[in-house]
Structure formats: C-alpha cells, structure tokens
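What follows is a single structure, written as structure tokens, with notes after it.
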Amino acid sequence: MIPPRFSVTPEQIDRVVAVFYAAIRRHEVLGPIFAGHVTDWPEHEEKIARFWKNAILYERNYDGNPMQVHMRAGDVRAQHFAPWLMLFDETLRRTLPDDAARAWSELAHRIGAGLRMGVEDLRERAPGPPVLK
C-alpha cells in the first residue's frame, strides 16, 4: 500500500471539495462558467473528491481525464486558473491544518499549472509557427 502524499483524511477531502464549490458557485467569473457545465453539483463534487483522493491518498477510484474535460468545455481560459487557485488556497487555509493546507496547495498549483499550459498551448495560441521572443 502506498502511503498518502501528506496527512489528510477522506472526510477532510470531502469537506474541502464541498466548501470550495460553494465558493465557486458564488464567484462572479467562475460561477457562471461552472454553472454552464455542472448540472448535478453533488455528483460533480463526489467525482472531484474521488480525483483528490486518488491524487493524495492513492485510492484508485477516479478514471477521468481533467485535461480533456477542461479542453472540451470550450470556455475555460488560462486566466481562470489564478482565481480558481486563489479560492482553492483560501478554502484549504480555512478547513485544514497548516501543513496539510500547504502540501495540498503545492499539489493543486502543480496540477493547475499543467492544465493552464494545456489550455494555452492547445487552444489559445494563434495557428502557425511559434513566435520566439
């Protein structure tokens, strides 16, 4: 059995996800984007909790592809990741002990950077050869 990346319980993961998506639904920019794609919030939160339990606790019960989902959405832009991560960090600080909040934040920022780069590279860049600066 693989030890978790850091000390957090499945219940804490569920709580972070619930608090975070409550904040997302109230956010003036992110709320409408999510509302355009999420039709069943409890189902979405349960799926995202499975994602984090897989990423942190190595539970093997998530089989999605976050990059594909974000690309398929069509309205997710690189600039959306900064407020997403800000809200996520705020949620982590409010709901977890400091060490777990810091460790989870670092993981979320790595994942977010990858998703943001994918969105920039695959959708937002103009067609043609790259512009070297």
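The way I read the labels, and the way they are meant: chains A, B, ... in the order of the structure tokens, residue 1 as the first residue of every chain, and ligand 1 as the first ligand shown, with later ones counted on from there.
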> Do you know which residues are at most 9 Å from A:Met67 counting only C-alpha atoms, after dropping those on the same chain fewer than 6 positions away, and could you put them as JSON, numbers by chain?
Replying inline: {"A": [114, 115, 118, 119]}
May I have the selected residues written with all heavy atoms, as a PDB file, in the first residue's frame?
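Below is the file that was written, part.pdb:
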```pdb
ATOM      1  N   GLY A 114      -0.224  22.740 -15.049  1.00  0.00           N
ATOM      2  CA  GLY A 114      -0.300  21.835 -16.200  1.00  0.00           C
ATOM      3  C   GLY A 114      -1.568  22.051 -17.009  1.00  0.00           C
ATOM      4  O   GLY A 114      -1.529  22.113 -18.243  1.00  0.00           O
ATOM      5  N   LEU A 115      -2.689  22.186 -16.328  1.00  0.00           N
ATOM      6  CA  LEU A 115      -3.951  22.429 -17.027  1.00  0.00           C
ATOM      7  C   LEU A 115      -3.928  23.778 -17.745  1.00  0.00           C
ATOM      8  O   LEU A 115      -4.359  23.888 -18.893  1.00  0.00           O
ATOM      9  CB  LEU A 115      -5.119  22.369 -16.048  1.00  0.00           C
ATOM     10  CG  LEU A 115      -5.452  20.991 -15.479  1.00  0.00           C
ATOM     11  CD1 LEU A 115      -6.502  21.110 -14.380  1.00  0.00           C
ATOM     12  CD2 LEU A 115      -5.901  20.040 -16.570  1.00  0.00           C
ATOM     13  N   GLY A 118      -1.840  23.553 -20.825  1.00  0.00           N
ATOM     14  CA  GLY A 118      -2.565  22.819 -21.853  1.00  0.00           C
ATOM     15  C   GLY A 118      -3.584  23.687 -22.541  1.00  0.00           C
ATOM     16  O   GLY A 118      -3.701  23.669 -23.771  1.00  0.00           O
ATOM     17  N   VAL A 119      -4.318  24.466 -21.772  1.00  0.00           N
ATOM     18  CA  VAL A 119      -5.317  25.367 -22.348  1.00  0.00           C
ATOM     19  C   VAL A 119      -4.630  26.408 -23.232  1.00  0.00           C
ATOM     20  O   VAL A 119      -5.070  26.675 -24.347  1.00  0.00           O
ATOM     21  CB  VAL A 119      -6.151  26.041 -21.229  1.00  0.00           C
ATOM     22  CG1 VAL A 119      -6.957  27.206 -21.763  1.00  0.00           C
ATOM     23  CG2 VAL A 119      -7.062  25.014 -20.558  1.00  0.00           C
TER      24      VAL A 119
END
```
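Near A:Thr9, within a cut-off of 10 Å and counting only C-alpha atoms, sit the residues Pro4, Asp14, Arg15, Lys53, Ile56 and Leu57 of chain A, with same-chain residues fewer than 5 positions away left out.
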Selected residues, all heavy atoms, written as a compact mmCIF listing (two decimals), in the first residue's frame, please.
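Just written: result-v6.txt:
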```txt
# COMPACT_ATOMS: atom_id res chain seq x y z
N PRO A 4 -0.02 7.98 1.80
CA PRO A 4 -0.54 9.22 1.21
C PRO A 4 0.58 10.23 1.00
O PRO A 4 1.61 10.19 1.68
CB PRO A 4 -1.56 9.72 2.23
CG PRO A 4 -1.40 8.89 3.44
CD PRO A 4 -0.57 7.71 3.11
N ASP A 14 -13.45 15.51 1.36
CA ASP A 14 -14.86 15.79 1.06
C ASP A 14 -15.24 17.19 1.52
O ASP A 14 -15.94 17.92 0.80
CB ASP A 14 -15.77 14.77 1.74
CG ASP A 14 -15.66 13.37 1.14
OD1 ASP A 14 -15.21 13.24 -0.02
OD2 ASP A 14 -16.04 12.41 1.84
N ARG A 15 -14.79 17.59 2.69
CA ARG A 15 -15.12 18.91 3.24
C ARG A 15 -14.50 20.02 2.39
O ARG A 15 -15.16 21.01 2.07
CB ARG A 15 -14.63 19.00 4.69
CG ARG A 15 -14.82 20.33 5.33
CD ARG A 15 -16.26 20.55 5.74
NE ARG A 15 -16.37 21.85 6.39
CZ ARG A 15 -17.34 22.71 6.14
NH1 ARG A 15 -18.32 22.39 5.33
NH2 ARG A 15 -17.36 23.87 6.74
N LYS A 53 -8.80 12.21 -3.84
CA LYS A 53 -8.45 11.01 -3.06
C LYS A 53 -7.48 10.13 -3.83
O LYS A 53 -6.59 9.51 -3.24
CB LYS A 53 -9.71 10.23 -2.68
CG LYS A 53 -10.55 10.96 -1.65
CD LYS A 53 -11.89 10.30 -1.42
CE LYS A 53 -12.75 11.13 -0.48
NZ LYS A 53 -14.11 10.60 -0.35
N ILE A 56 -4.03 12.22 -3.78
CA ILE A 56 -3.40 12.39 -2.46
C ILE A 56 -3.26 11.06 -1.72
O ILE A 56 -2.20 10.75 -1.18
CB ILE A 56 -4.20 13.39 -1.60
CG1 ILE A 56 -4.23 14.76 -2.27
CG2 ILE A 56 -3.61 13.47 -0.18
CD1 ILE A 56 -5.25 15.72 -1.65
N LEU A 57 -4.33 10.29 -1.69
CA LEU A 57 -4.36 9.05 -0.90
C LEU A 57 -4.06 7.81 -1.74
O LEU A 57 -3.99 6.71 -1.20
CB LEU A 57 -5.73 8.89 -0.23
CG LEU A 57 -6.18 10.05 0.65
CD1 LEU A 57 -7.59 9.80 1.16
CD2 LEU A 57 -5.20 10.29 1.79
```
> If you run DSSP on this backbone, which residues of chain A come out as helix (DSSP H, G or I), and could you give them as number ranges by chain?
Replying inline: A: 10-26, 30-35, 41-57, 66-73, 78-95, 98-124
>> Excluding stretch 89-102 of chain A and its own-chain neighbours fewer than 3 positions away, which residues fall within 8 Å of it when counting only C-alpha atoms? Please give them as a list in words.
In response: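 The filter keeps Phe6, Ser7, Val8, Gln12, Arg15, Val16, Val19, Phe20, Leu85, Met86, Ser105 and Glu106 of chain A.
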Can you spit out the residues from that selection as a short mmCIF file (atom, residue, chain, number, x, y, z; two decimals), in the first residue's frame, using all heavy atoms?
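Listing of again35.cif after writing:
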```cif
data_model
loop_
_atom_site.label_atom_id
_atom_site.label_comp_id
_atom_site.auth_asym_id
_atom_site.auth_seq_id
_atom_site.Cartn_x
_atom_site.Cartn_y
_atom_site.Cartn_z
N PHE A 6 0.47 13.30 1.81
CA PHE A 6 0.53 14.07 3.05
C PHE A 6 -0.67 13.67 3.89
O PHE A 6 -1.56 12.96 3.43
CB PHE A 6 0.57 15.59 2.79
CG PHE A 6 -0.48 16.07 1.83
CD1 PHE A 6 -1.76 16.42 2.27
CD2 PHE A 6 -0.20 16.19 0.48
CE1 PHE A 6 -2.72 16.87 1.38
CE2 PHE A 6 -1.15 16.64 -0.42
CZ PHE A 6 -2.41 16.98 0.04
N SER A 7 -0.67 14.11 5.14
CA SER A 7 -1.68 13.69 6.09
C SER A 7 -3.00 14.45 5.90
O SER A 7 -3.10 15.63 6.24
CB SER A 7 -1.16 13.90 7.52
OG SER A 7 -2.13 13.46 8.44
N VAL A 8 -3.97 13.75 5.35
CA VAL A 8 -5.32 14.28 5.20
C VAL A 8 -6.26 13.07 5.12
O VAL A 8 -5.87 12.01 4.62
CB VAL A 8 -5.44 15.19 3.96
CG1 VAL A 8 -5.26 14.42 2.67
CG2 VAL A 8 -6.72 15.96 3.95
N GLN A 12 -11.79 14.94 5.26
CA GLN A 12 -11.27 16.29 5.04
C GLN A 12 -11.29 16.64 3.56
O GLN A 12 -11.61 17.78 3.20
CB GLN A 12 -9.85 16.41 5.61
CG GLN A 12 -9.80 16.46 7.12
CD GLN A 12 -8.37 16.40 7.63
OE1 GLN A 12 -7.57 15.55 7.21
NE2 GLN A 12 -8.05 17.31 8.55
N ARG A 15 -14.79 17.59 2.69
CA ARG A 15 -15.12 18.91 3.24
C ARG A 15 -14.50 20.02 2.39
O ARG A 15 -15.16 21.01 2.07
CB ARG A 15 -14.63 19.00 4.69
CG ARG A 15 -14.82 20.33 5.33
CD ARG A 15 -16.26 20.55 5.74
NE ARG A 15 -16.37 21.85 6.39
CZ ARG A 15 -17.34 22.71 6.14
NH1 ARG A 15 -18.32 22.39 5.33
NH2 ARG A 15 -17.36 23.87 6.74
N VAL A 16 -13.23 19.88 2.02
CA VAL A 16 -12.57 20.88 1.18
C VAL A 16 -13.33 21.04 -0.13
O VAL A 16 -13.61 22.17 -0.56
CB VAL A 16 -11.09 20.51 0.93
CG1 VAL A 16 -10.50 21.32 -0.22
CG2 VAL A 16 -10.27 20.70 2.19
N VAL A 19 -16.73 22.90 0.48
CA VAL A 19 -16.55 24.32 0.80
C VAL A 19 -16.07 25.07 -0.44
O VAL A 19 -16.54 26.17 -0.75
CB VAL A 19 -15.57 24.49 1.98
CG1 VAL A 19 -15.17 25.96 2.16
CG2 VAL A 19 -16.18 23.94 3.27
N PHE A 20 -15.15 24.46 -1.19
CA PHE A 20 -14.63 25.10 -2.39
C PHE A 20 -15.73 25.33 -3.42
O PHE A 20 -15.86 26.43 -3.96
CB PHE A 20 -13.51 24.24 -3.00
CG PHE A 20 -13.03 24.75 -4.32
CD1 PHE A 20 -12.35 25.94 -4.42
CD2 PHE A 20 -13.28 24.02 -5.47
CE1 PHE A 20 -11.92 26.42 -5.66
CE2 PHE A 20 -12.85 24.49 -6.70
CZ PHE A 20 -12.17 25.69 -6.79
N LEU A 85 -7.29 28.99 -8.26
CA LEU A 85 -6.29 28.62 -7.25
C LEU A 85 -6.37 29.50 -6.01
O LEU A 85 -6.17 29.02 -4.90
CB LEU A 85 -4.89 28.65 -7.86
CG LEU A 85 -4.61 27.50 -8.83
CD1 LEU A 85 -3.35 27.78 -9.64
CD2 LEU A 85 -4.51 26.17 -8.09
N MET A 86 -6.69 30.78 -6.19
CA MET A 86 -6.85 31.66 -5.03
C MET A 86 -7.99 31.17 -4.13
O MET A 86 -7.83 31.07 -2.91
CB MET A 86 -7.12 33.09 -5.49
CG MET A 86 -7.28 34.07 -4.33
SD MET A 86 -8.01 35.64 -4.87
CE MET A 86 -9.66 35.12 -5.29
N SER A 105 -1.96 22.64 -1.36
CA SER A 105 -1.85 23.82 -2.21
C SER A 105 -0.74 23.62 -3.25
O SER A 105 -0.92 23.93 -4.43
CB SER A 105 -1.59 25.06 -1.38
OG SER A 105 -1.34 26.17 -2.22
N GLU A 106 0.42 23.12 -2.82
CA GLU A 106 1.52 22.89 -3.75
C GLU A 106 1.11 21.91 -4.85
O GLU A 106 1.39 22.13 -6.03
CB GLU A 106 2.74 22.36 -2.99
CG GLU A 106 3.40 23.40 -2.11
CD GLU A 106 4.48 22.81 -1.22
OE1 GLU A 106 4.86 21.62 -1.41
OE2 GLU A 106 4.95 23.54 -0.32
#
```
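Put simply, atom CA of A:Asn54 is 26.5 Å away from atom CA of A:Gln79.
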>> Restricting the calculation to only C-alpha atoms: of A:His109, A:Arg5, A:Arg60, A:His37, which residue gets closest to A:Phe81?
In response: A:His109
>> For a quick check of understanding, using only C-alpha atoms, which of A:Glu46, A:Val38, A:Pro10, A:Ala108 has the smallest distance to A:Leu87?
In response: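 Closest candidate: A:Ala108.
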>> Under the rule that only C-alpha atoms are counted, which of A:Ala18, A:Met71, A:Ala35, A:Met1 is the nearest residue to A:Tyr58?
In response: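 Ranked by minimum distance to A:Tyr58, first place goes to A:Met1.
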> Using only C-alpha atoms, which residue out of A:Ile33, A:Ile2, A:Ala113, A:Ala82 lies closest to A:Glu59?
Replying inline: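 The shortest atom-to-atom distance to A:Glu59 comes from A:Ile2.
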> Using only C-alpha atoms, which residues sit within 10 Å of A:Phe34 once same-chain residues fewer than 6 positions away are excluded, as a list in words?
Replying inline: Tyr21, Ile24, Arg25, His27, Trp41, Ala73, Asp75 and Val76 of chain A
Would you mind listing what lies within 8 Å of A:Tyr62 as a PDB file with all heavy atoms, in the first residue's frame, with only C-alpha atoms counted and same-chain residues fewer than 5 positions away left out?
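That gives us out.pdb:
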```
ATOM      1  N   LYS A  47     -17.278  13.346  -7.704  1.00  0.00           N
ATOM      2  CA  LYS A  47     -16.257  12.988  -8.696  1.00  0.00           C
ATOM      3  C   LYS A  47     -14.942  13.707  -8.410  1.00  0.00           C
ATOM      4  O   LYS A  47     -13.870  13.114  -8.487  1.00  0.00           O
ATOM      5  CB  LYS A  47     -16.751  13.329 -10.101  1.00  0.00           C
ATOM      6  CG  LYS A  47     -15.765  12.959 -11.183  1.00  0.00           C
ATOM      7  CD  LYS A  47     -16.330  13.218 -12.558  1.00  0.00           C
ATOM      8  CE  LYS A  47     -15.369  12.701 -13.611  1.00  0.00           C
ATOM      9  NZ  LYS A  47     -15.955  12.753 -14.945  1.00  0.00           N
ATOM     10  N   ARG A  50     -13.203  12.195  -5.544  1.00  0.00           N
ATOM     11  CA  ARG A  50     -12.509  10.961  -5.975  1.00  0.00           C
ATOM     12  C   ARG A  50     -11.182  11.307  -6.649  1.00  0.00           C
ATOM     13  O   ARG A  50     -10.177  10.617  -6.444  1.00  0.00           O
ATOM     14  CB  ARG A  50     -13.386  10.138  -6.929  1.00  0.00           C
ATOM     15  CG  ARG A  50     -14.483   9.365  -6.265  1.00  0.00           C
ATOM     16  CD  ARG A  50     -15.097   8.275  -7.151  1.00  0.00           C
ATOM     17  NE  ARG A  50     -15.207   8.594  -8.554  1.00  0.00           N
ATOM     18  CZ  ARG A  50     -16.285   9.129  -9.130  1.00  0.00           C
ATOM     19  NH1 ARG A  50     -17.353   9.397  -8.420  1.00  0.00           N
ATOM     20  NH2 ARG A  50     -16.275   9.367 -10.436  1.00  0.00           N
ATOM     21  N   PHE A  51     -11.175  12.386  -7.461  1.00  0.00           N
ATOM     22  CA  PHE A  51      -9.932  12.822  -8.093  1.00  0.00           C
ATOM     23  C   PHE A  51      -8.865  13.108  -7.031  1.00  0.00           C
ATOM     24  O   PHE A  51      -7.730  12.634  -7.125  1.00  0.00           O
ATOM     25  CB  PHE A  51     -10.174  14.075  -8.949  1.00  0.00           C
ATOM     26  CG  PHE A  51      -8.897  14.743  -9.386  1.00  0.00           C
ATOM     27  CD1 PHE A  51      -8.205  14.270 -10.483  1.00  0.00           C
ATOM     28  CD2 PHE A  51      -8.375  15.817  -8.675  1.00  0.00           C
ATOM     29  CE1 PHE A  51      -7.006  14.866 -10.883  1.00  0.00           C
ATOM     30  CE2 PHE A  51      -7.184  16.418  -9.057  1.00  0.00           C
ATOM     31  CZ  PHE A  51      -6.500  15.942 -10.160  1.00  0.00           C
ATOM     32  N   ASN A  54      -7.615  10.112  -5.140  1.00  0.00           N
ATOM     33  CA  ASN A  54      -6.667   9.381  -5.964  1.00  0.00           C
ATOM     34  C   ASN A  54      -5.307  10.086  -5.951  1.00  0.00           C
ATOM     35  O   ASN A  54      -4.269   9.450  -5.768  1.00  0.00           O
ATOM     36  CB  ASN A  54      -7.197   9.280  -7.401  1.00  0.00           C
ATOM     37  CG  ASN A  54      -6.242   8.539  -8.313  1.00  0.00           C
ATOM     38  OD1 ASN A  54      -5.854   7.416  -8.045  1.00  0.00           O
ATOM     39  ND2 ASN A  54      -5.864   9.181  -9.399  1.00  0.00           N
TER      40      ASN A  54
END
```
